[in-house]
Every structure is written in structure tokens, then in C-alpha cells.
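Encoded as C-alpha cells, the structure appears first; notes follow it.
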Amino acid sequence: MKDFNLQNAFKAEKMVLIFAGFYPSRYGKKNALLMLSAIVNISITLIQYSSMLIFIFSNLSDIIKISEVLLYFMTATSFICKLVNIILQNENLLKIEEMLQNSLFTKVSIEEEYILKHYIQNGRLSTNIFKVLTALAASFYVVFPLIDGDSNVKKFSLLSWYPFDQNNYYYEVFLFQAISIIIVAWFESFIEILFIIMMVLSRAQFEILKHRLTRIVKHTKENEEGEDDELVQKRLRRCIIHYNYVLRFVLHIYLLPTHYL
């Protein structure tokens with residue numbers, strides 16, 4: 001049996017969300033900086049969100065403009081809901097991390113290690129494709145005003161209301177909106193990927209459990225009758241404990257509201 005660090009499966013997403021200030025951190029003195037990072041990211045998102053909300057109510061008679069705003073507005077709404085939920089579920093996330101360090105999950109044979117790597121690699125492939133598509137979508141959102149239509153007309157990535165003339169501060173507003181789009185796209189995708197990987201890990205644990213159940217009784221050429229009942233019962237008991245532990249792990253993922261948004 002060898003140790004397998006399951007937390008490495010979502011290490012990148014975890015670190016990004018930690019430095020964004022959204023994921024529970026154990027960095028001690030750096031918590032103030034992480035909190036500042038969270039305040040900056042949330043403030044930018046909420047300011048842009050509020051400006052779009054005001055724009056919608058100011059242009060209720062223009063269905064075309066409202067439709068254009070809602071295209072991004074719903075994505076921003078989803079991100080804000082997920083962000084609130086992940087902050088509220090910080091303790092649950094730490095509990096999930098603690099469960100992933102249990103020997104029932106980490107102590108694996110060579111065959112079980114292969115099962116874990118297989119599921120994680122397949123999961124990472126899907127999430128990497130998701131990252132690329134998200135990055136492309138965000139990039140097009142940012143650069144579209146620069147390549148669309150008349151170059152003499154100042155266009156913005158998002159239709160929004162500001163208490164000043166946007167054209168007088170074109171580059172500042174354009175940069176602010178670009179940062180807002182990147183924050184929403186980048187961090188929302190990482191939150192999604194975090195829970196996708198957790199579900200992949202739970203699926204892999206059920207596969208490992210199935211693997212162990214098929215090997216409760218080991219037959220050899222020297223011992224065709226198999227092993228004694230006490231040893232078999234010990235393995236079966238461990239499988240039952242493992243099964244209950246996986247169910248608890250899945251329940252903690254299920255309790256994360258972000259999983260459904």
C-alpha cells in the first residue's frame with residue numbers, strides 16, 4: 001500500500017481561489033492580504049453588476065439593449081451566488097479536505113492508484129477544455145468592441161450606467177469592465193472545476209471500493225479453498241467502513257449549494 005495525495009487533484013484551483021480570498025486559508029499572517037484581495041475582487045464585481053442593473057431599469061422600453069445586457073448579467077448573477085455560497089461553506093470545505101486525508105482514501109494499492117490516476121486525468125482533461133473555452137469566451141467579450149463596426153465610435157464590452165460620461169473616460173471604463181469580465185469568468189470557472197474534481201474523486205472511490213470487494217477472498221494455487229473467515233470478515237468490515245465514509249464525503253459535497261448553481 002502507498003500514500004496518494006488526493007488534494008493535488010484540485011491544487012491549482014484551490015491556490016487560485018485562496019489568493020483571490022474566496023477559499024478558506026491557513027496562511028495566518030497573510031489572511032489580511034487575502035481578505036483585501038477578496039474585497040477588491042468582490043467590489044469590482046458588485047460595482048459592475050450594480051451599474052448593469054441600473055442600466056436595465058433605465059432602459060426597460062428597449063428590449064434589444066436589455067437582451068444584450070442580460071446575456072452577461074445572468075452569468076454575473078450566477079457567479080455572485082456561487083461566491084456567497086462558497087464563502088458560507090468555508091467550514092464544509094475544510095471538512096472535505098480533512099476527509100480526503102483519511103487513510104481509507106489515501107492508502108491504495110498499485111491497481112487502486114491506477115484507478116485514481118485514470119479518473120483524475122479524465123477529469124482534468126474535461127476541466128482543461130472548460131478553462132480554454134471560458135478564456136476564449138471572456139477574451140471575445142473584451143476585444144469585441146475593438147473590432148466591431150466603426151473604429152471612430154467608442155464601444156464598451158458591457159452596456160452599463162455610470163454617474164459620468166463614459167466617453168470621457170473611455171480607457172478607464174474599458175479597463176474596468178475588462179477586469180470585471182476576467183474576474184467573473186476566471187473565478188467562476190475555478191469554482192465549478194473545484195466541485196467537478198471533488199465529484200470525480202468520489203466516483204473514483206466507489207470504483208476502488210468495487211475493486212476491493214472483488215478481492216475480499218483471495219484464491220491461490222497453494223490454497224484453492226481461499227483464506228480463513230476471520231481475514232475475509234476483516235476485509236469486508238473495512239469495505240463497509242469505506243463505503244460509509246464515501247457516502248459521508250458525497251454528502252458534504254451535496255451540502256455545498258454551489259454544486260447546484
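A note on labels: chains of the C-alpha cells are A, B, ... as shown, every chain counts residues from 1, and ligands are counted from 1 in their shown order.
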Selection: 12 Å around Leu159 of chain A, only C-alpha atoms, excl. self and same-chain fewer than 6 positions, as number ranges by chain: A: 48-56, 58-59, 64-73, 141, 145, 166, 173-174, 177
File of the preceding selection, N, CA, C and O atoms, as a compact mmCIF listing (two decimals), in the first residue's frame:
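Saved the output as result_9.txt:
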```
# COMPACT_ATOMS: atom_id res chain seq x y z
N GLN A 48 -19.73 46.70 -11.05
CA GLN A 48 -20.13 46.46 -12.43
C GLN A 48 -21.53 45.85 -12.49
O GLN A 48 -22.35 46.22 -13.35
N TYR A 49 -21.83 44.96 -11.57
CA TYR A 49 -23.15 44.33 -11.51
C TYR A 49 -24.24 45.37 -11.25
O TYR A 49 -25.29 45.37 -11.91
N SER A 50 -23.98 46.27 -10.32
CA SER A 50 -24.95 47.32 -9.98
C SER A 50 -25.16 48.26 -11.15
O SER A 50 -26.30 48.69 -11.42
N SER A 51 -24.08 48.60 -11.84
CA SER A 51 -24.20 49.51 -12.99
C SER A 51 -25.05 48.90 -14.10
O SER A 51 -25.82 49.59 -14.77
N MET A 52 -24.93 47.60 -14.28
CA MET A 52 -25.75 46.91 -15.29
C MET A 52 -27.20 46.82 -14.85
O MET A 52 -28.12 46.95 -15.66
N LEU A 53 -27.40 46.61 -13.56
CA LEU A 53 -28.77 46.54 -13.03
C LEU A 53 -29.49 47.88 -13.20
O LEU A 53 -30.66 47.92 -13.61
N ILE A 54 -28.78 48.96 -12.91
CA ILE A 54 -29.36 50.29 -13.09
C ILE A 54 -29.66 50.55 -14.56
O ILE A 54 -30.69 51.12 -14.92
N PHE A 55 -28.75 50.10 -15.43
CA PHE A 55 -28.95 50.27 -16.87
C PHE A 55 -30.21 49.55 -17.34
O PHE A 55 -30.97 50.07 -18.17
N ILE A 56 -30.45 48.36 -16.80
CA ILE A 56 -31.64 47.59 -17.18
C ILE A 56 -32.91 48.35 -16.81
O ILE A 56 -33.83 48.50 -17.63
N SER A 58 -33.21 51.45 -16.34
CA SER A 58 -33.26 52.74 -17.05
C SER A 58 -33.66 52.58 -18.51
O SER A 58 -33.96 53.57 -19.19
N ASN A 59 -33.64 51.33 -19.00
CA ASN A 59 -33.94 51.09 -20.42
C ASN A 59 -34.94 49.96 -20.59
O ASN A 59 -34.79 49.11 -21.48
N ILE A 64 -33.96 45.30 -27.00
CA ILE A 64 -32.70 44.87 -27.61
C ILE A 64 -31.54 45.10 -26.64
O ILE A 64 -30.69 44.22 -26.43
N LYS A 65 -31.51 46.28 -26.05
CA LYS A 65 -30.43 46.59 -25.09
C LYS A 65 -30.52 45.70 -23.86
O LYS A 65 -29.51 45.21 -23.35
N ILE A 66 -31.75 45.49 -23.38
CA ILE A 66 -31.93 44.64 -22.19
C ILE A 66 -31.46 43.21 -22.48
O ILE A 66 -30.80 42.58 -21.65
N SER A 67 -31.79 42.72 -23.65
CA SER A 67 -31.37 41.36 -24.03
C SER A 67 -29.86 41.24 -24.06
O SER A 67 -29.28 40.24 -23.62
N GLU A 68 -29.21 42.28 -24.58
CA GLU A 68 -27.75 42.28 -24.67
C GLU A 68 -27.12 42.30 -23.28
O GLU A 68 -26.14 41.61 -23.02
N VAL A 69 -27.70 43.10 -22.40
CA VAL A 69 -27.18 43.18 -21.03
C VAL A 69 -27.40 41.88 -20.28
O VAL A 69 -26.51 41.39 -19.57
N LEU A 70 -28.58 41.30 -20.43
CA LEU A 70 -28.92 40.08 -19.70
C LEU A 70 -28.02 38.91 -20.06
O LEU A 70 -27.82 38.00 -19.25
N LEU A 71 -27.47 38.93 -21.26
CA LEU A 71 -26.59 37.85 -21.69
C LEU A 71 -25.42 37.68 -20.73
O LEU A 71 -25.03 36.56 -20.38
N TYR A 72 -24.86 38.79 -20.29
CA TYR A 72 -23.75 38.73 -19.33
C TYR A 72 -24.25 38.85 -17.89
O TYR A 72 -23.66 38.27 -16.98
N PHE A 73 -25.34 39.57 -17.71
CA PHE A 73 -25.88 39.83 -16.37
C PHE A 73 -26.22 38.52 -15.65
O PHE A 73 -25.96 38.38 -14.45
N TYR A 141 -15.37 38.64 -25.40
CA TYR A 141 -16.20 39.67 -24.78
C TYR A 141 -15.42 40.98 -24.63
O TYR A 141 -15.96 42.07 -24.83
N PRO A 145 -15.63 44.87 -28.77
CA PRO A 145 -15.88 46.29 -29.09
C PRO A 145 -14.77 46.92 -29.92
O PRO A 145 -15.01 47.90 -30.64
N GLN A 166 -19.28 58.20 -19.93
CA GLN A 166 -18.32 57.11 -20.16
C GLN A 166 -17.31 57.45 -21.25
O GLN A 166 -16.16 57.02 -21.19
N VAL A 173 -12.91 53.10 -18.20
CA VAL A 173 -14.12 52.27 -18.13
C VAL A 173 -13.90 50.95 -18.85
O VAL A 173 -14.30 49.88 -18.37
N PHE A 174 -13.26 51.02 -20.01
CA PHE A 174 -13.00 49.80 -20.78
C PHE A 174 -12.14 48.83 -19.97
O PHE A 174 -12.41 47.63 -19.91
N GLN A 177 -14.18 47.32 -17.04
CA GLN A 177 -15.09 46.27 -17.49
C GLN A 177 -14.32 45.00 -17.87
O GLN A 177 -14.79 43.88 -17.60
```
Residues within 8 Å of segment 198-215 of chain A, only C-alpha atoms, excluding chain neighbours under 6 positions, as a list in words: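 The filter keeps Leu6, Phe105, Glu112, Ile115, Leu116, Tyr119, Ile120, Gly123, Leu236, Cys239, His242, Tyr243, Val246, Phe249, Val250 and Ile253 of chain A.
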Taking a cut-off of 12 Å and counting only C-alpha atoms, can you build a table that, for each residue of segment 16-77 of chain A near segment 84-104 of chain A, reports the nearest atom pair and how far apart they are in Å (one decimal), sorted by chain then residue number, as JSON lines?
```
{"residue": "A:Leu17", "atom": "CA", "partner": "A:Ile86", "partner_atom": "CA", "distance": 10.2}
{"residue": "A:Ile18", "atom": "CA", "partner": "A:Asn90", "partner_atom": "CA", "distance": 11.2}
{"residue": "A:Ala20", "atom": "CA", "partner": "A:Ile87", "partner_atom": "CA", "distance": 11.7}
{"residue": "A:Gly21", "atom": "CA", "partner": "A:Ile87", "partner_atom": "CA", "distance": 9.3}
{"residue": "A:Phe22", "atom": "CA", "partner": "A:Ile87", "partner_atom": "CA", "distance": 6.2}
{"residue": "A:Tyr23", "atom": "CA", "partner": "A:Asn90", "partner_atom": "CA", "distance": 6.8}
{"residue": "A:Pro24", "atom": "CA", "partner": "A:Asn90", "partner_atom": "CA", "distance": 5.5}
{"residue": "A:Ser25", "atom": "CA", "partner": "A:Leu94", "partner_atom": "CA", "distance": 9.1}
{"residue": "A:Arg26", "atom": "CA", "partner": "A:Leu94", "partner_atom": "CA", "distance": 10.0}
{"residue": "A:Met35", "atom": "CA", "partner": "A:Ile87", "partner_atom": "CA", "distance": 11.6}
{"residue": "A:Ala38", "atom": "CA", "partner": "A:Ile87", "partner_atom": "CA", "distance": 10.4}
{"residue": "A:Ile42", "atom": "CA", "partner": "A:Val84", "partner_atom": "CA", "distance": 10.1}
{"residue": "A:Thr77", "atom": "CA", "partner": "A:Val84", "partner_atom": "CA", "distance": 10.8}
```
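Put simply, atom CA of Gln121 of chain A is 28.1 Å away from atom CA of Thr75 of chain A.
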At most 7 Å is the cut-off: for each residue in segment 113-211 of chain A with any atom that close to an atom of segment 8-16 of chain A, write down the nearest atom pair and the distance in Å rounded to one decimal, counting only C-alpha atoms, chain first then increasing number, as CSV.
```
residue,atom,partner,partner_atom,distance
A:Ile120,CA,A:Ala9,CA,6.6
A:Phe190,CA,A:Glu13,CA,5.5
A:Leu194,CA,A:Phe10,CA,6.2
A:Ile197,CA,A:Phe10,CA,6.5
```
Pick from A:Leu256, A:Ala138, A:Leu158, A:Leu146, whichever lies nearest to Glu188 of chain A using only C-alpha atoms: A:Ala138
Which of A:Asn244, A:Ile216, A:Asn152, A:Ile39 sits closest to Leu231 of chain A [using only C-alpha atoms]: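 The shortest atom-to-atom distance to Leu231 of chain A comes from A:Ile216.
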Residue list (helix (DSSP H, G or I), DSSP) for segment 29-167 of chain A, as a PyMOL selection string: chain A and resi 29-58+63-88+90-100+103-106+110-147+166-167
Non-local contacts of Ser109 of chain A (9 Å; only C-alpha atoms; under 6 positions in same chain excluded) as a ChimeraX atom specification: /A:1-3
Print the selection's residues with C-alpha atoms to a file, as an mmCIF file, in the first residue's frame.
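What follows is the written file part05.cif:
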```cif
data_model
loop_
_atom_site.group_PDB
_atom_site.id
_atom_site.type_symbol
_atom_site.label_atom_id
_atom_site.label_comp_id
_atom_site.auth_asym_id
_atom_site.auth_seq_id
_atom_site.Cartn_x
_atom_site.Cartn_y
_atom_site.Cartn_z
ATOM 1 C CA MET A 1 0.000 0.000 0.000
ATOM 2 C CA LYS A 2 1.186 3.528 -0.764
ATOM 3 C CA ASP A 3 0.027 7.052 0.031
#
```
